Structure formats: C-alpha cells, structure tokens
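> This is the structure I have questions about; it appears just below.
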Amino acid sequence: MQAIVTRRQGWKAQLALQEVAAPGEPGPKEVLVQVQAASVNPKDWKLNLPMARLTQPVLGKRQRPLFGDDLAGTVVAVGDQVTDLAIGDAVYGMDMRLRTASLAEQTLIHHQCVARKPASLSFTQAAAMPLAGLTALQGLRKGQVKAGSQVLIIGASGGVGHFAVQIAKALGAHVTGVCSARNLGFVQEMGADAVIDYTAGDYRQSAGPFDLVFDVTSFESPRSCAALLAPGGWFISTGGDAFSMLATPLYRLGGKNAASLVVKPWRQDLEALTALVEAGTLRPVIESEFAFVDSDQAYQRSRSGRCRGKVVIRVGSDVHPVD
C-alpha cells in the first residue's frame with residue numbers, strides 16, 4: 001500500500017509517498033480502516049517529525065515511521081472482540097501514540113479510539129475534527145466551563161481555537177477570542193461575543209477577569225496571564241511549547257488552577273462532538289486541502305502558524321460523499 005514516510009531526519013525531515021507493507025489483520029480490539037482523509041496538527045511537526053530521528057534506529061532502514069493522527073474512513077476488518085463496529089461503517093477518530101499512521105491507505109486503530117462519522121459531514125470534514133475538537137472539548141471541561149462562564153481563548157482562529165469558541169458558546173459561556181486583526185471577523189463568525197487583536201497592545205494587562213484562560217497557542221503561562229484570571233479562575237494550556245509544558249504543572253503544585261492538557265482519544269467525547277455537529281452548533285472549518293502526494297506541503301502550511309481552521313489531506317478517492 002501507499003503511505004507517507006520520512007526522507008531525512010529530525011527537523012530537516014521531509015515527507016514523501018512510498019510503497020510500504022500493509023498493516024495486516026487487526027488485533028482482538030482493533031479495526032482496520034480504509035483511510036479517506038487525514039488532517040495536520042501542530043503535534044505532527046512539533047513531535048512526530050523530530051521523533052523520526054529516535055525511532056529510525058529501532059525500525060531499521062527498511063521500515064520508516066509513518067505519520068498522521070486524525071483520520072476518517074471506512075472499516076474494512078474488525079478484531080474478534082469488536083462488537084460495536086462492523087465492516088462498512090464510516091468512522092472518524094485518532095490515537096495518541098507517537099502516530100496513528102493515518103497518512104496511509106489503511107491503518108489499524110483501537111476500536112474505542114474511533115466513532116461513527118457524523119452523517120452530515122464528508123470524510124474531509126470529519127477528518128478535521130478529532131484531535132483539535134477533542135482538545136477543545138477536554139480543555140473546556142478541565143476549566144470547568146458552564147453557562148455564564150467568562151472564557152478567553154488565546155489563538156481562537158486556529159484548529160483547536162475555532163472549535164473551542166463554538167463549544168464554549170454551546171455550553172452557554174461568554175467567549176472572548178484572541179487573534180490577529182485579519183481573523184477578527186472569522187472568530188466572530190465562529191460565535192465569539194468579543195474579540196481582541198493581540199497586535200494592538202498587551203491585552204494581558206487590560207482584559208478580564210476570566211473564569212478560564214484557554215491558551216491553545218501554548219506560548220503563555222499562568223504567570224503571564226495572571227492579571228486576566230478571576231479569583232479561582234483556571235489557566236489551561238495545550239502544552240505544545242516546552243516552557244509551557246514545564247511551567248504550568250509547577251503552578252499547579254503551588255495551588256493555582258493551572259494545567260497542561262494531554263488530549264485523550266475517547267469515543268464518548270467523539271460522540272459528544274458528533275452530537276454538537278448534528279445539533280448545528282459545531283462545524284469544522286477547512287483552511288486548505290492537499291492531495292496525498294502533497295502531504296509535505298500540508299505540513300509546511302501548518303508550520304506557517306497562519307492557518308484559519310484546519311489543514312486536511314485527501315488520502316482516498318471517496319473523500320467528499322456525505323452519508
């Protein structure tokens with residue numbers, strides 16, 4: 001089968017389409033998915049590409065690490081302990097291994113890491129949702145968002161951010177989004193009650209107070225955002241930056257309501273996203289689509305830091321139909 005593998009290693013790694021061995025039969029609790037679409041997340045190029053240097057000696061020269069976390073596709077085989085999914089089911093999901101290997105024509109994944117695809121979404125739309133949507137949902141839950149909560153989302157126009165705005169609004173929160181001037185209208189379109197242009201001044205000293213500061217850029221810390229927080233308020237970071245990953249837990253040890261989020265690939269949360277989609281309160285925005293062979297260009301687009309919504313890669317030939 002064809003899959004995306006690395007050329008070179010570490011930060012200089014490039015992605016290329018190559019023939020690789022098929023994944024084989026699913027384990028007892030796995031399903032084999034014919035992948036139709038996948039999407040790019042910052043985790044892919046912040047962690048997966050550098051990790052290629054470490055995994056290459058283990059895999060050997062003939063087997064290169066595969067890439068991609070999010071997927072949407074069709075179940076083509078099931079393990080002998082899987083009773084909740086069947087061959088032919090359209091599914092979407094992700095895994096938090098170093099990689100799910102969704103940038104491949106077929107991949108194996110634990111059956112609890114996928115859910116049935118929302119009927120109203122195409123495969124490309126569904127593939128845009130898992131990691132970013134679950135991060136948004138679980139971050140807002142960790143921050144104890146409820147009706148009437150004052151929520152600030154830093155990075156509101158990106159993959160996680162645009163989902164977080166919509167989900168927070170669905171929970172009844174008052175949402176303020178932080179983004180660049182060119183994305184103010186987009187964040188308002190997602191449902192934000194107020195927007196802040198971070199290039200216009202240091203909003204960290206003038207905005208607030210907020211019950212939750214949700215930093216999906218991972219560049220802030222509880223210390224830099226202290227003036228934004230209401231008494232007892234939460235600071236949540238997606239933890240993609242080394243300083244944030246180290247500093248935020250230290251503040252938690254000091255008694256502050258702070259956490260770096262590690263997203264979990266739980267089916268029940270995928271089903272919660274599906275319910276929001278079908279209720280008309282959540283929709284994925286696809287900034288750009290790339291062909292399978294152009295996966296390296298998709299990664300470079302994500303690395304630019306200027307994406308509005310998600311970057312999606314078309315893997316299969318049946319990516320657009322809706323059930």
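Just remember, in the structure tokens the first chain shown is A, the second B, etc., residues are 1-based per chain, and ligands are 1-based in the order shown.
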Got a sec: who's within 8 Å of segment 27-36 of chain A, counting only C-alpha atoms, leaving out chain neighbours fewer than 6 positions off, as number ranges by chain?
A: 71-82, 102-111, 123-124, 314-319
> Measuring atom to atom with only C-alpha atoms, identify which of A:Gly185, A:Pro209, A:Gly309, A:Gly239 is nearest to Ser221 of chain A.
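With only C-alpha atoms as the atom set, the closest residue is A:Gly239.
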> Name all residues at most 8 Å from Pro284 of chain A (count only C-alpha atoms; drop same-chain ones fewer than 2 positions away) and give them as a VMD selection string.
chain A and resid 125 to 126 128 to 129 163 282 286 309 to 310
> Considering only C-alpha atoms, return as a list of chain:residue names whatever protein or nucleic-acid residues lie within 10 Å of Gln144 of chain A, sequence-local ones (same chain, fewer than 5 positions apart) excluded.
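Contacts, with the query itself left out: A:Gln138, A:Gly139, A:Ser149, A:Asp211, A:Leu212, A:Gly233, A:Trp234.
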> I need the chosen residues saved as a PDB file, in the first residue's frame, with C-alpha atoms.

```pdb
ATOM      1  CA  GLN A 138     -11.495  18.398  27.104  1.00  0.00           C
ATOM      2  CA  GLY A 139      -9.779  21.716  27.803  1.00  0.00           C
ATOM      3  CA  SER A 149     -18.615  31.437  32.482  1.00  0.00           C
ATOM      4  CA  ASP A 211     -13.050  32.229  34.720  1.00  0.00           C
ATOM      5  CA  LEU A 212     -10.958  30.361  32.151  1.00  0.00           C
ATOM      6  CA  GLY A 233     -10.106  31.016  37.631  1.00  0.00           C
ATOM      7  CA  TRP A 234      -8.385  28.352  35.540  1.00  0.00           C
TER       8      TRP A 234
END
```
> Any chance you could list, as JSON, numbers by chain, the residues in segment 134-256 of chain A that come up strand (DSSP E or B) when DSSP is run on the backbone?
{"A": [150, 151, 152, 153, 154, 174, 175, 176, 177, 178, 179, 194, 195, 196, 197, 210, 211, 212, 213, 214, 215, 229, 230, 231, 232, 233, 234, 235, 236, 237]}
> Compile the contact shell of Asp269 of chain A as a list in words: residues with an atom at most 12 Å away, counting only C-alpha atoms, same-chain residues fewer than 5 positions apart removed.
Tyr92, Gly93, Met94, Gln112, Cys113, Val114, Ala115, Arg116, Met129, Pro130, Leu131, Ala132, Gly133, Leu134, Thr135, Ala136, Leu137, Gln138, Gly139, Arg141, Val263, Lys264, Thr274, Ala275 and Leu276 of chain A
> Quick one: write out the picked residues with C-alpha atoms as a PDB file, in the first residue's frame?

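Output file again-v4.pdb follows:
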```pdb
ATOM      1  CA  TYR A  92     -13.512   9.090  12.413  1.00  0.00           C
ATOM      2  CA  GLY A  93     -11.036   9.343  15.285  1.00  0.00           C
ATOM      3  CA  MET A  94      -7.424   9.489  16.365  1.00  0.00           C
ATOM      4  CA  GLN A 112     -12.541   2.755  21.243  1.00  0.00           C
ATOM      5  CA  CYS A 113     -10.480   5.477  19.533  1.00  0.00           C
ATOM      6  CA  VAL A 114     -12.976   5.892  16.692  1.00  0.00           C
ATOM      7  CA  ALA A 115     -16.673   6.687  16.476  1.00  0.00           C
ATOM      8  CA  ARG A 116     -19.182   6.645  13.648  1.00  0.00           C
ATOM      9  CA  MET A 129     -12.172  17.218  13.893  1.00  0.00           C
ATOM     10  CA  PRO A 130     -10.703  14.513  16.160  1.00  0.00           C
ATOM     11  CA  LEU A 131      -7.510  15.829  17.786  1.00  0.00           C
ATOM     12  CA  ALA A 132      -8.375  19.532  17.649  1.00  0.00           C
ATOM     13  CA  GLY A 133     -12.024  19.039  18.575  1.00  0.00           C
ATOM     14  CA  LEU A 134     -11.220  16.692  21.462  1.00  0.00           C
ATOM     15  CA  THR A 135      -8.544  19.085  22.737  1.00  0.00           C
ATOM     16  CA  ALA A 136     -11.054  21.932  22.744  1.00  0.00           C
ATOM     17  CA  LEU A 137     -13.768  19.867  24.451  1.00  0.00           C
ATOM     18  CA  GLN A 138     -11.495  18.398  27.104  1.00  0.00           C
ATOM     19  CA  GLY A 139      -9.779  21.716  27.803  1.00  0.00           C
ATOM     20  CA  ARG A 141     -14.208  20.626  30.626  1.00  0.00           C
ATOM     21  CA  VAL A 263      -5.809  15.027  24.929  1.00  0.00           C
ATOM     22  CA  LYS A 264      -7.422  11.594  25.269  1.00  0.00           C
ATOM     23  CA  THR A 274     -20.928  14.391  16.806  1.00  0.00           C
ATOM     24  CA  ALA A 275     -23.948  15.453  18.865  1.00  0.00           C
ATOM     25  CA  LEU A 276     -22.875  19.099  18.626  1.00  0.00           C
TER      26      LEU A 276
END
```
> From the set A:Lys142, A:Ser224, A:Met96, A:Ala127, which residue has the shortest atom-to-atom contact distance to Trp266 of chain A, counting only C-alpha atoms?
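Ranked by minimum distance to Trp266 of chain A, first place goes to A:Met96.
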> Would you kindly return, as a PDB file with N, CA and C atoms, in the first residue's frame, each protein, DNA or RNA residue with an atom no farther than 6 Å from any atom of Ala173 of chain A, considering only C-alpha atoms and excluding same-chain residues fewer than 4 positions away?

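As written to disk, around_20.pdb reads:
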```pdb
ATOM      1  N   ALA A 147     -22.610  27.447  31.857  1.00  0.00           N
ATOM      2  CA  ALA A 147     -23.388  28.602  31.433  1.00  0.00           C
ATOM      3  C   ALA A 147     -23.020  29.820  32.268  1.00  0.00           C
ATOM      4  N   GLY A 148     -22.720  30.913  31.594  1.00  0.00           N
ATOM      5  CA  GLY A 148     -22.364  32.148  32.277  1.00  0.00           C
ATOM      6  C   GLY A 148     -20.881  32.331  32.521  1.00  0.00           C
ATOM      7  N   SER A 149     -20.062  31.303  32.286  1.00  0.00           N
ATOM      8  CA  SER A 149     -18.615  31.437  32.482  1.00  0.00           C
ATOM      9  C   SER A 149     -18.044  32.463  31.514  1.00  0.00           C
ATOM     10  N   ALA A 168     -17.540  26.322  23.567  1.00  0.00           N
ATOM     11  CA  ALA A 168     -17.796  27.167  24.731  1.00  0.00           C
ATOM     12  C   ALA A 168     -19.131  27.888  24.614  1.00  0.00           C
ATOM     13  N   LYS A 169     -19.436  28.360  23.408  1.00  0.00           N
ATOM     14  CA  LYS A 169     -20.742  29.005  23.198  1.00  0.00           C
ATOM     15  C   LYS A 169     -21.879  28.002  23.386  1.00  0.00           C
TER      16      LYS A 169
END
```
> Would you kindly return, as a PyMOL selection string, each protein, DNA or RNA residue with an atom no farther than 8 Å from any atom of Val311 of chain A, considering only C-alpha atoms and excluding same-chain residues fewer than 5 positions away?
chain A and resi 39-41+128+286-290+298+301-302
> I need the residues from that last selection saved to file as a PDB file, in the first residue's frame (with N, CA and C atoms), if you can.

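Just written: part-v7.pdb:
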```pdb
ATOM      1  N   SER A  39      -5.888  14.822   8.766  1.00  0.00           N
ATOM      2  CA  SER A  39      -5.607  16.254   8.910  1.00  0.00           C
ATOM      3  C   SER A  39      -4.311  16.459   9.660  1.00  0.00           C
ATOM      4  N   VAL A  40      -3.777  17.663   9.544  1.00  0.00           N
ATOM      5  CA  VAL A  40      -2.483  18.011  10.135  1.00  0.00           C
ATOM      6  C   VAL A  40      -2.715  18.771  11.432  1.00  0.00           C
ATOM      7  N   ASN A  41      -1.924  18.454  12.440  1.00  0.00           N
ATOM      8  CA  ASN A  41      -1.945  19.152  13.721  1.00  0.00           C
ATOM      9  C   ASN A  41      -0.525  19.586  14.079  1.00  0.00           C
ATOM     10  N   ALA A 128     -11.029  16.563   9.936  1.00  0.00           N
ATOM     11  CA  ALA A 128     -10.534  17.798  10.529  1.00  0.00           C
ATOM     12  C   ALA A 128     -10.809  17.874  12.031  1.00  0.00           C
ATOM     13  N   ILE A 286     -12.268  24.131   7.178  1.00  0.00           N
ATOM     14  CA  ILE A 286     -11.071  23.640   6.490  1.00  0.00           C
ATOM     15  C   ILE A 286     -10.411  24.802   5.759  1.00  0.00           C
ATOM     16  N   GLU A 287      -9.208  25.127   6.197  1.00  0.00           N
ATOM     17  CA  GLU A 287      -8.465  26.247   5.606  1.00  0.00           C
ATOM     18  C   GLU A 287      -7.926  25.883   4.238  1.00  0.00           C
ATOM     19  N   SER A 288      -7.444  24.636   4.101  1.00  0.00           N
ATOM     20  CA  SER A 288      -6.902  24.196   2.822  1.00  0.00           C
ATOM     21  C   SER A 288      -6.893  22.676   2.772  1.00  0.00           C
ATOM     22  N   GLU A 289      -6.988  22.147   1.551  1.00  0.00           N
ATOM     23  CA  GLU A 289      -6.921  20.712   1.311  1.00  0.00           C
ATOM     24  C   GLU A 289      -5.733  20.410   0.407  1.00  0.00           C
ATOM     25  N   PHE A 290      -5.084  19.267   0.675  1.00  0.00           N
ATOM     26  CA  PHE A 290      -3.932  18.859  -0.119  1.00  0.00           C
ATOM     27  C   PHE A 290      -4.121  17.417  -0.576  1.00  0.00           C
ATOM     28  N   ALA A 298       1.355  20.211   2.994  1.00  0.00           N
ATOM     29  CA  ALA A 298       0.352  20.412   4.044  1.00  0.00           C
ATOM     30  C   ALA A 298       1.021  20.676   5.389  1.00  0.00           C
ATOM     31  N   ARG A 301       2.386  24.152   5.389  1.00  0.00           N
ATOM     32  CA  ARG A 301       1.316  25.138   5.579  1.00  0.00           C
ATOM     33  C   ARG A 301       0.957  25.257   7.055  1.00  0.00           C
ATOM     34  N   SER A 302       0.841  24.135   7.741  1.00  0.00           N
ATOM     35  CA  SER A 302       0.532  24.167   9.168  1.00  0.00           C
ATOM     36  C   SER A 302       1.640  24.865   9.952  1.00  0.00           C
TER      37      SER A 302
END
```
> For a quick check of understanding, using only C-alpha atoms, which of A:Ser157, A:Ser260, A:Gln300, A:Ser180 has the smallest distance to Val285 of chain A?
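Residue with the minimum atom-to-atom distance to Val285 of chain A: A:Ser157.
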> Go ahead and compute the interatomic distance for atom CA of Leu152 of chain A and atom CA of Val213 of chain A, in Å to one decimal.
4.8 Å
